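K.L.:
The file below is run-v9.pdb, PDB, C-alpha atoms and all ligand atoms:
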```
ATOM      1  CA  MET A  24       9.873  -0.016  20.226  1.00  0.00           C
ATOM      2  CA  PRO A  25       8.777   0.996  16.738  1.00  0.00           C
ATOM      3  CA  ILE A  26       8.693  -1.686  14.070  1.00  0.00           C
ATOM      4  CA  LEU A  27      10.536  -1.081  10.801  1.00  0.00           C
ATOM      5  CA  ALA A  28       9.817  -3.825   8.277  1.00  0.00           C
ATOM      6  CA  ALA A  29      11.660  -3.787   4.946  1.00  0.00           C
ATOM      7  CA  ASN A  30      10.069  -5.597   2.018  1.00  0.00           C
ATOM      8  CA  TRP A  31      12.689  -6.027  -0.693  1.00  0.00           C
ATOM      9  CA  LYS A  32      10.253  -7.718  -3.105  1.00  0.00           C
ATOM     10  CA  MET A  33      12.090  -9.292  -6.080  1.00  0.00           C
ATOM     11  CA  TYR A  34      15.134  -7.064  -5.767  1.00  0.00           C
ATOM     12  CA  LYS A  35      18.765  -7.689  -4.841  1.00  0.00           C
ATOM     13  CA  THR A  36      21.289 -10.342  -5.674  1.00  0.00           C
ATOM     14  CA  VAL A  37      23.325 -11.969  -2.916  1.00  0.00           C
ATOM     15  CA  ALA A  38      26.162  -9.509  -3.557  1.00  0.00           C
ATOM     16  CA  GLU A  39      23.777  -6.539  -3.354  1.00  0.00           C
ATOM     17  CA  ALA A  40      22.295  -7.836  -0.115  1.00  0.00           C
ATOM     18  CA  GLU A  41      25.812  -8.131   1.319  1.00  0.00           C
ATOM     19  CA  VAL A  42      26.585  -4.523   0.425  1.00  0.00           C
ATOM     20  CA  TRP A  43      23.328  -3.356   2.048  1.00  0.00           C
ATOM     21  CA  LEU A  44      24.053  -5.315   5.217  1.00  0.00           C
ATOM     22  CA  GLY A  45      27.608  -3.981   5.323  1.00  0.00           C
ATOM     23  CA  ALA A  46      26.216  -0.444   5.449  1.00  0.00           C
ATOM     24  CA  VAL A  47      23.520  -1.204   8.042  1.00  0.00           C
ATOM     25  CA  ALA A  48      25.019  -3.741  10.474  1.00  0.00           C
ATOM     26  CA  GLY A  49      26.255  -2.452  13.790  1.00  0.00           C
ATOM     27  CA  ARG A  50      24.283   0.823  13.764  1.00  0.00           C
ATOM     28  CA  PRO A  51      23.244   1.683  17.332  1.00  0.00           C
ATOM     29  CA  GLU A  52      19.709   2.692  16.192  1.00  0.00           C
ATOM     30  CA  LEU A  53      19.035  -0.963  15.381  1.00  0.00           C
ATOM     31  CA  GLU A  54      18.795  -1.601  19.113  1.00  0.00           C
ATOM     32  CA  LEU A  55      15.972   0.905  19.428  1.00  0.00           C
ATOM     33  CA  ALA A  56      13.545  -0.650  16.957  1.00  0.00           C
ATOM     34  CA  GLU A  57      12.191  -4.034  15.955  1.00  0.00           C
ATOM     35  CA  VAL A  58      13.774  -4.208  12.516  1.00  0.00           C
ATOM     36  CA  VAL A  59      12.689  -6.974  10.169  1.00  0.00           C
ATOM     37  CA  VAL A  60      13.957  -7.534   6.637  1.00  0.00           C
ATOM     38  CA  PHE A  61      12.009  -9.532   4.063  1.00  0.00           C
ATOM     39  CA  PRO A  62      14.614 -10.310   1.395  1.00  0.00           C
ATOM     40  CA  PRO A  63      14.060 -12.654  -1.536  1.00  0.00           C
ATOM     41  CA  LEU A  64      14.514 -16.278  -0.425  1.00  0.00           C
ATOM     42  CA  THR A  65      17.840 -16.425  -2.271  1.00  0.00           C
ATOM     43  CA  ALA A  66      19.342 -13.813   0.083  1.00  0.00           C
ATOM     44  CA  LEU A  67      17.931 -15.042   3.413  1.00  0.00           C
ATOM     45  CA  HIS A  68      21.272 -16.581   4.345  1.00  0.00           C
ATOM     46  CA  VAL A  69      23.034 -13.227   3.946  1.00  0.00           C
ATOM     47  CA  LEU A  70      20.984 -11.697   6.753  1.00  0.00           C
ATOM     48  CA  ARG A  71      20.820 -14.754   8.950  1.00  0.00           C
ATOM     49  CA  GLY A  72      22.789 -14.205  12.151  1.00  0.00           C
ATOM     50  CA  SER A  73      23.085 -10.461  11.464  1.00  0.00           C
ATOM     51  CA  GLY A  74      20.933  -9.574  14.479  1.00  0.00           C
ATOM     52  CA  LEU A  75      18.214  -8.126  12.226  1.00  0.00           C
ATOM     53  CA  GLY A  76      14.823  -9.792  12.259  1.00  0.00           C
ATOM     54  CA  LEU A  77      14.385 -12.033   9.270  1.00  0.00           C
ATOM     55  CA  GLY A  78      11.217 -12.744   7.334  1.00  0.00           C
ATOM     56  CA  ALA A  79       9.937 -14.319   4.123  1.00  0.00           C
ATOM     57  CA  GLN A  80       7.682 -12.575   1.628  1.00  0.00           C
ATOM     58  CA  ASP A  81       5.293 -15.507   1.448  1.00  0.00           C
ATOM     59  CA  VAL A  82       4.691 -18.888   3.060  1.00  0.00           C
ATOM     60  CA  GLY A  83       2.986 -22.115   2.028  1.00  0.00           C
ATOM     61  CA  TRP A  84      -0.157 -23.068   3.917  1.00  0.00           C
ATOM     62  CA  ALA A  85       0.856 -26.740   4.173  1.00  0.00           C
ATOM     63  CA  THR A  86       3.554 -28.116   6.462  1.00  0.00           C
ATOM     64  CA  GLU A  87       5.145 -30.495   3.959  1.00  0.00           C
ATOM     65  CA  GLY A  88       4.185 -32.558   0.956  1.00  0.00           C
ATOM     66  CA  ALA A  89       4.005 -32.569  -2.826  1.00  0.00           C
ATOM     67  CA  PHE A  90       3.588 -28.820  -3.248  1.00  0.00           C
ATOM     68  CA  THR A  91       6.111 -27.782  -5.875  1.00  0.00           C
ATOM     69  CA  GLY A  92       7.328 -24.239  -5.375  1.00  0.00           C
ATOM     70  CA  MET A  93       5.915 -23.837  -1.870  1.00  0.00           C
ATOM     71  CA  VAL A  94       8.100 -23.203   1.163  1.00  0.00           C
ATOM     72  CA  SER A  95       6.507 -24.110   4.477  1.00  0.00           C
ATOM     73  CA  ALA A  96       6.553 -22.265   7.776  1.00  0.00           C
ATOM     74  CA  PRO A  97       8.799 -24.905   9.452  1.00  0.00           C
ATOM     75  CA  GLN A  98      11.193 -24.638   6.491  1.00  0.00           C
ATOM     76  CA  LEU A  99      11.279 -20.861   6.863  1.00  0.00           C
ATOM     77  CA  ARG A 100      12.000 -21.246  10.558  1.00  0.00           C
ATOM     78  CA  ASP A 101      14.776 -23.663   9.606  1.00  0.00           C
ATOM     79  CA  ALA A 102      16.207 -20.950   7.328  1.00  0.00           C
ATOM     80  CA  GLY A 103      16.268 -18.465  10.205  1.00  0.00           C
ATOM     81  CA  CYS A 104      12.956 -16.651   9.643  1.00  0.00           C
ATOM     82  CA  ALA A 105      10.827 -15.479  12.533  1.00  0.00           C
ATOM     83  CA  TYR A 106       8.281 -13.597  10.375  1.00  0.00           C
ATOM     84  CA  ALA A 107       6.481 -13.891   7.040  1.00  0.00           C
ATOM     85  CA  LEU A 108       4.343 -11.552   4.978  1.00  0.00           C
ATOM     86  CA  VAL A 109       0.888 -12.914   4.246  1.00  0.00           C
ATOM     87  CA  ALA A 110      -1.321 -11.812   1.351  1.00  0.00           C
ATOM     88  CA  HIS A 111       0.738  -8.842   0.268  1.00  0.00           C
ATOM     89  CA  SER A 112      -1.249  -7.004  -2.408  1.00  0.00           C
ATOM     90  CA  GLU A 113       1.217  -8.147  -5.063  1.00  0.00           C
ATOM     91  CA  ARG A 114       0.567 -11.778  -4.051  1.00  0.00           C
ATOM     92  CA  ARG A 115      -3.159 -11.078  -4.164  1.00  0.00           C
ATOM     93  CA  ARG A 116      -2.797  -9.531  -7.621  1.00  0.00           C
ATOM     94  CA  TYR A 117      -0.293 -11.844  -9.303  1.00  0.00           C
ATOM     95  CA  ALA A 118      -0.806 -15.132  -7.455  1.00  0.00           C
ATOM     96  CA  GLY A 119      -4.551 -14.970  -6.775  1.00  0.00           C
ATOM     97  CA  GLU A 120      -4.226 -15.056  -2.996  1.00  0.00           C
ATOM     98  CA  ASP A 121      -7.373 -14.332  -1.053  1.00  0.00           C
ATOM     99  CA  ASP A 122      -8.408 -13.840   2.553  1.00  0.00           C
ATOM    100  CA  ARG A 123      -9.235 -17.508   3.120  1.00  0.00           C
ATOM    101  CA  MET A 124      -5.817 -18.578   1.936  1.00  0.00           C
ATOM    102  CA  ALA A 125      -4.335 -15.885   4.156  1.00  0.00           C
ATOM    103  CA  ALA A 126      -6.067 -17.426   7.171  1.00  0.00           C
ATOM    104  CA  ARG A 127      -4.516 -20.812   6.425  1.00  0.00           C
ATOM    105  CA  LYS A 128      -1.092 -19.249   6.091  1.00  0.00           C
ATOM    106  CA  ILE A 129      -1.454 -17.364   9.364  1.00  0.00           C
ATOM    107  CA  ALA A 130      -2.456 -20.587  11.130  1.00  0.00           C
ATOM    108  CA  ALA A 131       0.546 -22.392   9.613  1.00  0.00           C
ATOM    109  CA  LEU A 132       2.904 -19.640  10.779  1.00  0.00           C
ATOM    110  CA  TRP A 133       1.515 -19.654  14.313  1.00  0.00           C
ATOM    111  CA  GLN A 134       1.858 -23.409  14.451  1.00  0.00           C
ATOM    112  CA  ALA A 135       5.535 -23.102  13.569  1.00  0.00           C
ATOM    113  CA  GLY A 136       6.059 -20.246  16.030  1.00  0.00           C
ATOM    114  CA  LEU A 137       6.502 -17.508  13.407  1.00  0.00           C
ATOM    115  CA  THR A 138       4.876 -14.084  13.359  1.00  0.00           C
ATOM    116  CA  PRO A 139       2.577 -13.329  10.410  1.00  0.00           C
ATOM    117  CA  VAL A 140       2.462  -9.844   8.936  1.00  0.00           C
ATOM    118  CA  TYR A 141      -0.979  -9.858   7.339  1.00  0.00           C
ATOM    119  CA  CYS A 142      -1.356  -7.234   4.619  1.00  0.00           C
ATOM    120  CA  VAL A 143      -4.736  -5.637   3.969  1.00  0.00           C
ATOM    121  CA  GLY A 144      -5.919  -2.589   2.068  1.00  0.00           C
ATOM    122  CA  GLU A 145      -8.387  -1.388  -0.504  1.00  0.00           C
ATOM    123  CA  ASP A 146      -7.564  -0.645  -4.137  1.00  0.00           C
ATOM    124  CA  ALA A 147      -8.193   2.607  -5.991  1.00  0.00           C
ATOM    125  CA  ALA A 148     -11.548   1.518  -7.447  1.00  0.00           C
ATOM    126  CA  GLU A 149     -12.845   0.384  -4.063  1.00  0.00           C
ATOM    127  CA  ARG A 150     -11.737   3.637  -2.534  1.00  0.00           C
ATOM    128  CA  ALA A 151     -13.372   5.704  -5.289  1.00  0.00           C
ATOM    129  CA  ALA A 152     -16.609   3.756  -4.790  1.00  0.00           C
ATOM    130  CA  GLY A 153     -16.566   4.450  -1.055  1.00  0.00           C
ATOM    131  CA  GLN A 154     -15.995   0.769  -0.308  1.00  0.00           C
ATOM    132  CA  GLY A 155     -12.617   1.047   1.380  1.00  0.00           C
ATOM    133  CA  GLU A 156     -13.875   0.345   4.885  1.00  0.00           C
ATOM    134  CA  ALA A 157     -16.051  -2.541   3.742  1.00  0.00           C
ATOM    135  CA  ARG A 158     -13.056  -4.094   2.032  1.00  0.00           C
ATOM    136  CA  LEU A 159     -10.928  -3.813   5.161  1.00  0.00           C
ATOM    137  CA  ARG A 160     -13.679  -5.272   7.318  1.00  0.00           C
ATOM    138  CA  LEU A 161     -14.017  -8.228   4.972  1.00  0.00           C
ATOM    139  CA  GLN A 162     -10.263  -8.847   4.860  1.00  0.00           C
ATOM    140  CA  VAL A 163      -9.993  -8.838   8.641  1.00  0.00           C
ATOM    141  CA  ASP A 164     -13.255 -10.624   9.436  1.00  0.00           C
ATOM    142  CA  THR A 165     -12.697 -13.461   6.964  1.00  0.00           C
ATOM    143  CA  VAL A 166      -9.406 -14.266   8.649  1.00  0.00           C
ATOM    144  CA  LEU A 167     -10.887 -13.996  12.155  1.00  0.00           C
ATOM    145  CA  ASP A 168     -13.858 -16.173  11.143  1.00  0.00           C
ATOM    146  CA  SER A 169     -11.472 -18.865  10.063  1.00  0.00           C
ATOM    147  CA  LEU A 170      -9.000 -18.594  12.929  1.00  0.00           C
ATOM    148  CA  GLY A 171     -11.522 -18.486  15.755  1.00  0.00           C
ATOM    149  CA  ASP A 172     -11.998 -16.120  18.637  1.00  0.00           C
ATOM    150  CA  GLU A 173      -8.469 -16.248  19.998  1.00  0.00           C
ATOM    151  CA  LEU A 174      -5.234 -15.219  18.395  1.00  0.00           C
ATOM    152  CA  GLY A 175      -2.956 -18.256  18.216  1.00  0.00           C
ATOM    153  CA  GLY A 176       0.150 -16.106  18.439  1.00  0.00           C
ATOM    154  CA  ARG A 177       1.379 -12.627  17.786  1.00  0.00           C
ATOM    155  CA  LEU A 178      -0.345 -10.935  14.852  1.00  0.00           C
ATOM    156  CA  VAL A 179       0.985  -7.986  12.885  1.00  0.00           C
ATOM    157  CA  ILE A 180      -1.477  -6.370  10.495  1.00  0.00           C
ATOM    158  CA  ALA A 181      -0.198  -3.923   7.893  1.00  0.00           C
ATOM    159  CA  TYR A 182      -2.640  -1.476   6.346  1.00  0.00           C
ATOM    160  CA  GLU A 183      -1.292  -1.106   2.829  1.00  0.00           C
ATOM    161  CA  PRO A 184      -3.742   0.704   0.551  1.00  0.00           C
ATOM    162  CA  VAL A 185      -3.081  -0.665  -2.919  1.00  0.00           C
ATOM    163  CA  TRP A 186      -3.388   2.813  -4.437  1.00  0.00           C
ATOM    164  CA  ALA A 187      -0.491   4.015  -2.283  1.00  0.00           C
ATOM    165  CA  ILE A 188       1.956   1.141  -2.798  1.00  0.00           C
ATOM    166  CA  GLY A 189       4.691   2.090  -5.230  1.00  0.00           C
ATOM    167  CA  SER A 190       2.770   5.207  -6.307  1.00  0.00           C
ATOM    168  CA  GLY A 191       5.014   7.753  -4.630  1.00  0.00           C
ATOM    169  CA  THR A 192       1.981   9.140  -2.796  1.00  0.00           C
ATOM    170  CA  PRO A 193       1.374   7.702   0.654  1.00  0.00           C
ATOM    171  CA  ALA A 194      -1.917   7.856   2.490  1.00  0.00           C
ATOM    172  CA  THR A 195      -2.063  10.673   4.990  1.00  0.00           C
ATOM    173  CA  ALA A 196      -1.148   9.785   8.550  1.00  0.00           C
ATOM    174  CA  GLU A 197      -4.781  10.459   9.505  1.00  0.00           C
ATOM    175  CA  GLN A 198      -6.126   8.096   6.823  1.00  0.00           C
ATOM    176  CA  ALA A 199      -3.727   5.409   7.997  1.00  0.00           C
ATOM    177  CA  GLY A 200      -4.679   6.008  11.621  1.00  0.00           C
ATOM    178  CA  GLU A 201      -8.399   5.723  10.845  1.00  0.00           C
ATOM    179  CA  ALA A 202      -7.977   2.497   8.890  1.00  0.00           C
ATOM    180  CA  LEU A 203      -5.853   0.958  11.624  1.00  0.00           C
ATOM    181  CA  ALA A 204      -8.370   1.999  14.275  1.00  0.00           C
ATOM    182  CA  LEU A 205     -11.048   0.119  12.344  1.00  0.00           C
ATOM    183  CA  ILE A 206      -8.799  -2.946  12.075  1.00  0.00           C
ATOM    184  CA  ARG A 207      -7.975  -2.850  15.761  1.00  0.00           C
ATOM    185  CA  GLU A 208     -11.644  -2.532  16.654  1.00  0.00           C
ATOM    186  CA  ARG A 209     -12.480  -5.616  14.557  1.00  0.00           C
ATOM    187  CA  VAL A 210      -9.760  -7.721  16.196  1.00  0.00           C
ATOM    188  CA  VAL A 211     -10.345  -6.591  19.765  1.00  0.00           C
ATOM    189  CA  GLY A 212     -14.130  -6.663  19.339  1.00  0.00           C
ATOM    190  CA  ARG A 213     -13.890 -10.253  18.265  1.00  0.00           C
ATOM    191  CA  CYS A 214     -10.991 -11.647  20.269  1.00  0.00           C
ATOM    192  CA  GLY A 215     -11.229  -9.496  23.404  1.00  0.00           C
ATOM    193  CA  GLY A 216      -8.899  -7.056  25.104  1.00  0.00           C
ATOM    194  CA  ALA A 217      -6.198  -9.676  25.664  1.00  0.00           C
ATOM    195  CA  ALA A 218      -5.726  -9.832  21.892  1.00  0.00           C
ATOM    196  CA  ALA A 219      -4.604  -6.207  21.879  1.00  0.00           C
ATOM    197  CA  ALA A 220      -1.355  -7.210  23.571  1.00  0.00           C
ATOM    198  CA  ARG A 221      -0.618  -9.633  20.727  1.00  0.00           C
ATOM    199  CA  LEU A 222      -1.551  -7.222  17.955  1.00  0.00           C
ATOM    200  CA  SER A 223       0.796  -4.755  16.254  1.00  0.00           C
ATOM    201  CA  LEU A 224      -0.316  -2.374  13.517  1.00  0.00           C
ATOM    202  CA  LEU A 225       1.763  -1.067  10.619  1.00  0.00           C
ATOM    203  CA  TYR A 226       1.199   1.334   7.768  1.00  0.00           C
ATOM    204  CA  GLY A 227       2.776   0.662   4.373  1.00  0.00           C
ATOM    205  CA  GLY A 228       2.644   2.414   0.997  1.00  0.00           C
ATOM    206  CA  SER A 229       5.177   4.890  -0.448  1.00  0.00           C
ATOM    207  CA  THR A 230       6.641   5.872   2.903  1.00  0.00           C
ATOM    208  CA  SER A 231       9.957   7.725   2.930  1.00  0.00           C
ATOM    209  CA  PRO A 232      12.254   9.389   5.455  1.00  0.00           C
ATOM    210  CA  ALA A 233      10.216  12.572   4.870  1.00  0.00           C
ATOM    211  CA  SER A 234       6.853  11.008   5.740  1.00  0.00           C
ATOM    212  CA  ALA A 235       7.907   8.499   8.415  1.00  0.00           C
ATOM    213  CA  GLY A 236       7.746  10.941  11.336  1.00  0.00           C
ATOM    214  CA  GLY A 237       4.150  11.945  10.613  1.00  0.00           C
ATOM    215  CA  PHE A 238       2.985   8.339  10.646  1.00  0.00           C
ATOM    216  CA  MET A 239       4.805   7.606  13.873  1.00  0.00           C
ATOM    217  CA  GLU A 240       3.023  10.531  15.548  1.00  0.00           C
ATOM    218  CA  GLN A 241      -0.223   8.577  15.289  1.00  0.00           C
ATOM    219  CA  PRO A 242      -0.459   6.644  18.576  1.00  0.00           C
ATOM    220  CA  ILE A 243      -2.152   3.683  16.891  1.00  0.00           C
ATOM    221  CA  ILE A 244       0.699   3.128  14.417  1.00  0.00           C
ATOM    222  CA  ASP A 245       3.349   0.767  15.789  1.00  0.00           C
ATOM    223  CA  GLY A 246       5.579   0.926  12.753  1.00  0.00           C
ATOM    224  CA  LEU A 247       5.994   0.955   8.989  1.00  0.00           C
ATOM    225  CA  LEU A 248       6.247  -1.639   6.243  1.00  0.00           C
ATOM    226  CA  VAL A 249       8.533  -0.134   3.652  1.00  0.00           C
ATOM    227  CA  GLY A 250       9.190  -1.207   0.078  1.00  0.00           C
ATOM    228  CA  SER A 251      11.273   0.955  -2.228  1.00  0.00           C
ATOM    229  CA  ALA A 252      12.670   3.243   0.462  1.00  0.00           C
ATOM    230  CA  SER A 253      14.191   0.202   2.185  1.00  0.00           C
ATOM    231  CA  LEU A 254      16.297  -0.895  -0.774  1.00  0.00           C
ATOM    232  CA  ASP A 255      18.874   1.807  -0.453  1.00  0.00           C
ATOM    233  CA  ALA A 256      20.773   1.438   2.831  1.00  0.00           C
ATOM    234  CA  ASN A 257      21.040   5.196   3.358  1.00  0.00           C
ATOM    235  CA  SER A 258      17.346   5.805   2.941  1.00  0.00           C
ATOM    236  CA  PHE A 259      16.561   2.792   5.158  1.00  0.00           C
ATOM    237  CA  LEU A 260      18.868   4.183   7.860  1.00  0.00           C
ATOM    238  CA  ALA A 261      17.316   7.629   7.501  1.00  0.00           C
ATOM    239  CA  MET A 262      13.880   6.102   8.123  1.00  0.00           C
ATOM    240  CA  LEU A 263      15.185   4.190  11.103  1.00  0.00           C
ATOM    241  CA  GLU A 264      16.683   7.389  12.502  1.00  0.00           C
ATOM    242  CA  VAL A 265      13.385   9.258  12.163  1.00  0.00           C
ATOM    243  CA  MET A 266      11.400   6.413  13.673  1.00  0.00           C
ATOM    244  CA  VAL A 267      13.502   5.856  16.766  1.00  0.00           C
ATOM    245  CA  HIS A 268      13.474   9.574  17.546  1.00  0.00           C
ATOM    246  CA  ALA A 269       9.788  10.168  16.780  1.00  0.00           C
TER     247      ALA A 269
HETATM  248  C1  LIG B 301       5.079  -2.686  -0.032  1.00  0.00           C
HETATM  249  O1  LIG B 301       5.038  -3.172  -1.158  1.00  0.00           O
HETATM  250  O2  LIG B 301       4.861  -3.386   0.982  1.00  0.00           O
HETATM  251  C2  LIG B 301       5.385  -1.267   0.075  1.00  0.00           C
HETATM  252  C3  LIG B 301       5.074  -0.653   1.197  1.00  0.00           C
HETATM  253  O3  LIG B 301       5.981  -0.691  -1.014  1.00  0.00           O
HETATM  254  P1  LIG B 301       6.376   0.854  -1.222  1.00  0.00           P
HETATM  255  O4  LIG B 301       6.943   1.373   0.083  1.00  0.00           O
HETATM  256  O5  LIG B 301       7.399   0.833  -2.301  1.00  0.00           O
HETATM  257  O6  LIG B 301       5.127   1.567  -1.604  1.00  0.00           O
END
```
Please rewrite the model in this file as C-alpha cells.
P.N.:
Amino acid sequence: MPILAANWKMYKTVAEAEVWLGAVAGRPELELAEVVVFPPLTALHVLRGSGLGLGAQDVGWATEGAFTGMVSAPQLRDAGCAYALVAHSERRRYAGEDDRMAARKIAALWQAGLTPVYCVGEDAAERAAGQGEARLRLQVDTVLDSLGDELGGRLVIAYEPVWAIGSGTPATAEQAGEALALIRERVVGRCGGAAAARLSLLYGGSTSPASAGGFMEQPIIDGLLVGSASLDANSFLAMLEVMVHA
C-alpha cells in the first residue's frame, strides 16, 4: 500500500481540522493506502479514532522529566499517535535540531512502539556545491552510528530536499529515486537485508496531485510526505486518488 503522510505544520484550528476530517472521513480510497496525518498537537484529538493514522510533528528525546515544552513518545502514544516526524527541515532550521538529536528521538519512539519518520535532505547551497549526496550520507550514517547495526523498529525515511519544500518546484521523480536509492543502500549496507523489510521510503517537497503519479512510478518510492497540498481536503483526496491508482 502506498503511504500518504500529511504534514499540516502550524496550520489549522480545531474547527478547521473538523471540517477537513468531515470531507475526508469514510472515503473508500483510505482503505487502499497507509494514510497518516501530522496535525498540530492542539488538533490531535480531532483525528483520534477517525481511522486515519495519527502522528506528531516532533517528539522529545526524553521519556519524562523537567523538560518544559517537550512532549515524550509515551505521551504521544497516550494521545493516540503511532508516528512522529523527526528532524523535519523546519525543526532543523528553527529549533537547531541535528542528526544526533534525531537519533535520540528515533530511539525514544522505538522504545514507545511508535514509528519515526526521519526527514533528511540537502539545502540549496549544498546542492549547488555538489555536496547533496555527502549531506544525505552524513544524515543517515550519523543516525545509524548512534542506533547500532539493527533497526529497533520500523523506520520511515523521507527525502525532503530543503530547496524543494514549499518552493512550488518539486525534485524530479528521478532525482528523488536516486536519493532514496542512496539512503536505502546506506541502511541495508549497514543493517543487512532484514532491515529492508522494516524500511519505508518517502519523497516530500512541493508535491501536488499533478506530480504525485510520477513519483509513485519510481519503484523505490513507497509514498509521499505532503505539506501544503494536504491542507485542502480536495487536493489531499486528489493526491490519494492518484496514489492508490498509480
Ligand atoms: C514538508 O514540509 O514536509 C513538505 C513536504 O512541504 P510542501 O509539500 O509544502 O513542500
K.L.:
Report the distance between atom CA of Val47 of chain A and atom O5 of ligand LIG 301 (chain B) in Å, rounded to one decimal place.
P.N.:
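Separation of atom CA of Val47 of chain A and atom O5 of ligand LIG 301 (chain B): 19.3 Å.
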K.L.:
Identify, counting all atoms listed in the file, the protein, DNA and RNA residues located within 7 Å of ligand LIG 301 (chain B), and give them as an MDAnalysis selection string.
P.N.:
chainID A and resid 30 111 183 187:191 227:230 248:252
K.L.:
Pick the closest to His68 of chain A from A:Glu197, A:Glu208, A:Asp101, A:Glu156: which is it, counting only C-alpha atoms?
P.N.:
A:Asp101
K.L.:
Using Å and a single decimal, report how far atom CA of Arg50 of chain A sits from atom CA of Leu263 of chain A.
P.N.:
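Distance reported for this atom pair: 10.1 Å.
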K.L.:
Can you spell out as a tab-separated table (two decimals) with C-alpha atoms, in the frame of the given file the set of residues that the PyMOL selection byres (((chain A and resi 237-247) around 9) and not hetatm) selects in the structure I just provided?
P.N.:
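expr04.tsv written:
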```tsv
chain	number	residue	atom	x	y	z
A	24	MET	CA	9.87	-0.02	20.23
A	25	PRO	CA	8.78	1.00	16.74
A	26	ILE	CA	8.69	-1.69	14.07
A	27	LEU	CA	10.54	-1.08	10.80
A	28	ALA	CA	9.82	-3.82	8.28
A	29	ALA	CA	11.66	-3.79	4.95
A	57	GLU	CA	12.19	-4.03	15.96
A	181	ALA	CA	-0.20	-3.92	7.89
A	195	THR	CA	-2.06	10.67	4.99
A	196	ALA	CA	-1.15	9.78	8.55
A	197	GLU	CA	-4.78	10.46	9.51
A	199	ALA	CA	-3.73	5.41	8.00
A	200	GLY	CA	-4.68	6.01	11.62
A	201	GLU	CA	-8.40	5.72	10.84
A	203	LEU	CA	-5.85	0.96	11.62
A	204	ALA	CA	-8.37	2.00	14.28
A	207	ARG	CA	-7.98	-2.85	15.76
A	223	SER	CA	0.80	-4.76	16.25
A	224	LEU	CA	-0.32	-2.37	13.52
A	225	LEU	CA	1.76	-1.07	10.62
A	226	TYR	CA	1.20	1.33	7.77
A	227	GLY	CA	2.78	0.66	4.37
A	228	GLY	CA	2.64	2.41	1.00
A	230	THR	CA	6.64	5.87	2.90
A	233	ALA	CA	10.22	12.57	4.87
A	234	SER	CA	6.85	11.01	5.74
A	235	ALA	CA	7.91	8.50	8.41
A	236	GLY	CA	7.75	10.94	11.34
A	248	LEU	CA	6.25	-1.64	6.24
A	249	VAL	CA	8.53	-0.13	3.65
A	265	VAL	CA	13.38	9.26	12.16
A	266	MET	CA	11.40	6.41	13.67
A	269	ALA	CA	9.79	10.17	16.78
```
K.L.:
Ranking A:Ala151, A:Val94, A:Leu178, A:Ala102 by minimum distance to Ala130 of chain A and counting all atoms listed in the file, which one comes first?
P.N.:
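That would be A:Leu178, the residue with the smallest distance to Ala130 of chain A.
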K.L.:
Run the PyMOL selection byres (((chain A and resi 79) around 8) and not hetatm) against the file shown and list the residues it catches, as a list in words.
P.N.:
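That selection, the PyMOL selection byres (((chain A and resi 79) around 8) and not hetatm), comes back as Phe61, Pro62, Pro63, Leu64, Leu77, Gly78, Gln80, Asp81, Val82, Leu99, Cys104, Tyr106, Ala107 and Leu108 of chain A.
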K.L.:
On this file, the PyMOL selection byres (((chain A and resi 221) around 7) and not hetatm) gives some set of residues; write that set as a ChimeraX atom specification.
P.N.:
/A:176-178,218-220,222-223
K.L.:
Can you tell me how far atom CA of Ala194 of chain A sits from atom CA of Ala148 of chain A, in Å to one decimal?
P.N.:
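So the two atoms, atom CA of Ala194 of chain A and atom CA of Ala148 of chain A, lie 15.2 Å apart.
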K.L.:
Quick one: of A:Ala96, A:Ala105, A:Gln162, A:Gly144, who's nearest to Leu132 of chain A, counting all atoms listed in the file?
P.N.:
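Closest residue, counting all atoms listed in the file: A:Ala96.
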K.L.:
Choose the residue, out of A:Val179, A:Ala46, A:Val143, A:Ala261, that has the smallest atom-to-atom separation from Asp122 of chain A; count all atoms listed in the file.
P.N.:
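So, comparing all the options, the nearest one is A:Val143.
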K.L.:
Ranking A:Val69, A:Ala56, A:Met93, A:Val109 by minimum distance to Arg127 of chain A and counting only C-alpha atoms, which one comes first?
P.N.:
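Nearest to Arg127 of chain A: A:Val109.
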K.L.:
For Trp43 of chain A, which residue among A:Ile180, A:Val58, A:Leu254, A:Leu170 is the nearest when counting only C-alpha atoms?
P.N.:
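Ranked by minimum distance to Trp43 of chain A, first place goes to A:Leu254.
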K.L.:
When you get a chance, write out N, CA, C and O atoms for segment 221-227 of chain A, as a compact mmCIF listing (two decimals), in the coordinates of the input.
P.N.:
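Written file, part_27.txt:
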```
# COMPACT_ATOMS: atom_id res chain seq x y z
N ARG A 221 -1.29 -8.79 21.73
CA ARG A 221 -0.62 -9.63 20.73
C ARG A 221 -0.68 -9.01 19.33
O ARG A 221 -0.21 -9.60 18.37
N LEU A 222 -1.31 -7.85 19.25
CA LEU A 222 -1.55 -7.22 17.95
C LEU A 222 -0.64 -6.01 17.76
O LEU A 222 -0.56 -5.16 18.64
N SER A 223 0.04 -5.95 16.62
CA SER A 223 0.80 -4.76 16.25
C SER A 223 0.28 -4.27 14.90
O SER A 223 -0.09 -5.08 14.04
N LEU A 224 0.28 -2.95 14.72
CA LEU A 224 -0.32 -2.37 13.52
C LEU A 224 0.70 -1.52 12.76
O LEU A 224 1.35 -0.64 13.35
N LEU A 225 0.81 -1.79 11.47
CA LEU A 225 1.76 -1.07 10.62
C LEU A 225 1.03 -0.33 9.52
O LEU A 225 -0.07 -0.74 9.10
N TYR A 226 1.65 0.73 9.03
CA TYR A 226 1.20 1.33 7.77
C TYR A 226 2.26 1.06 6.72
O TYR A 226 3.47 1.11 7.01
N GLY A 227 1.84 0.81 5.48
CA GLY A 227 2.78 0.66 4.37
C GLY A 227 2.21 1.26 3.11
O GLY A 227 0.99 1.17 2.86
```
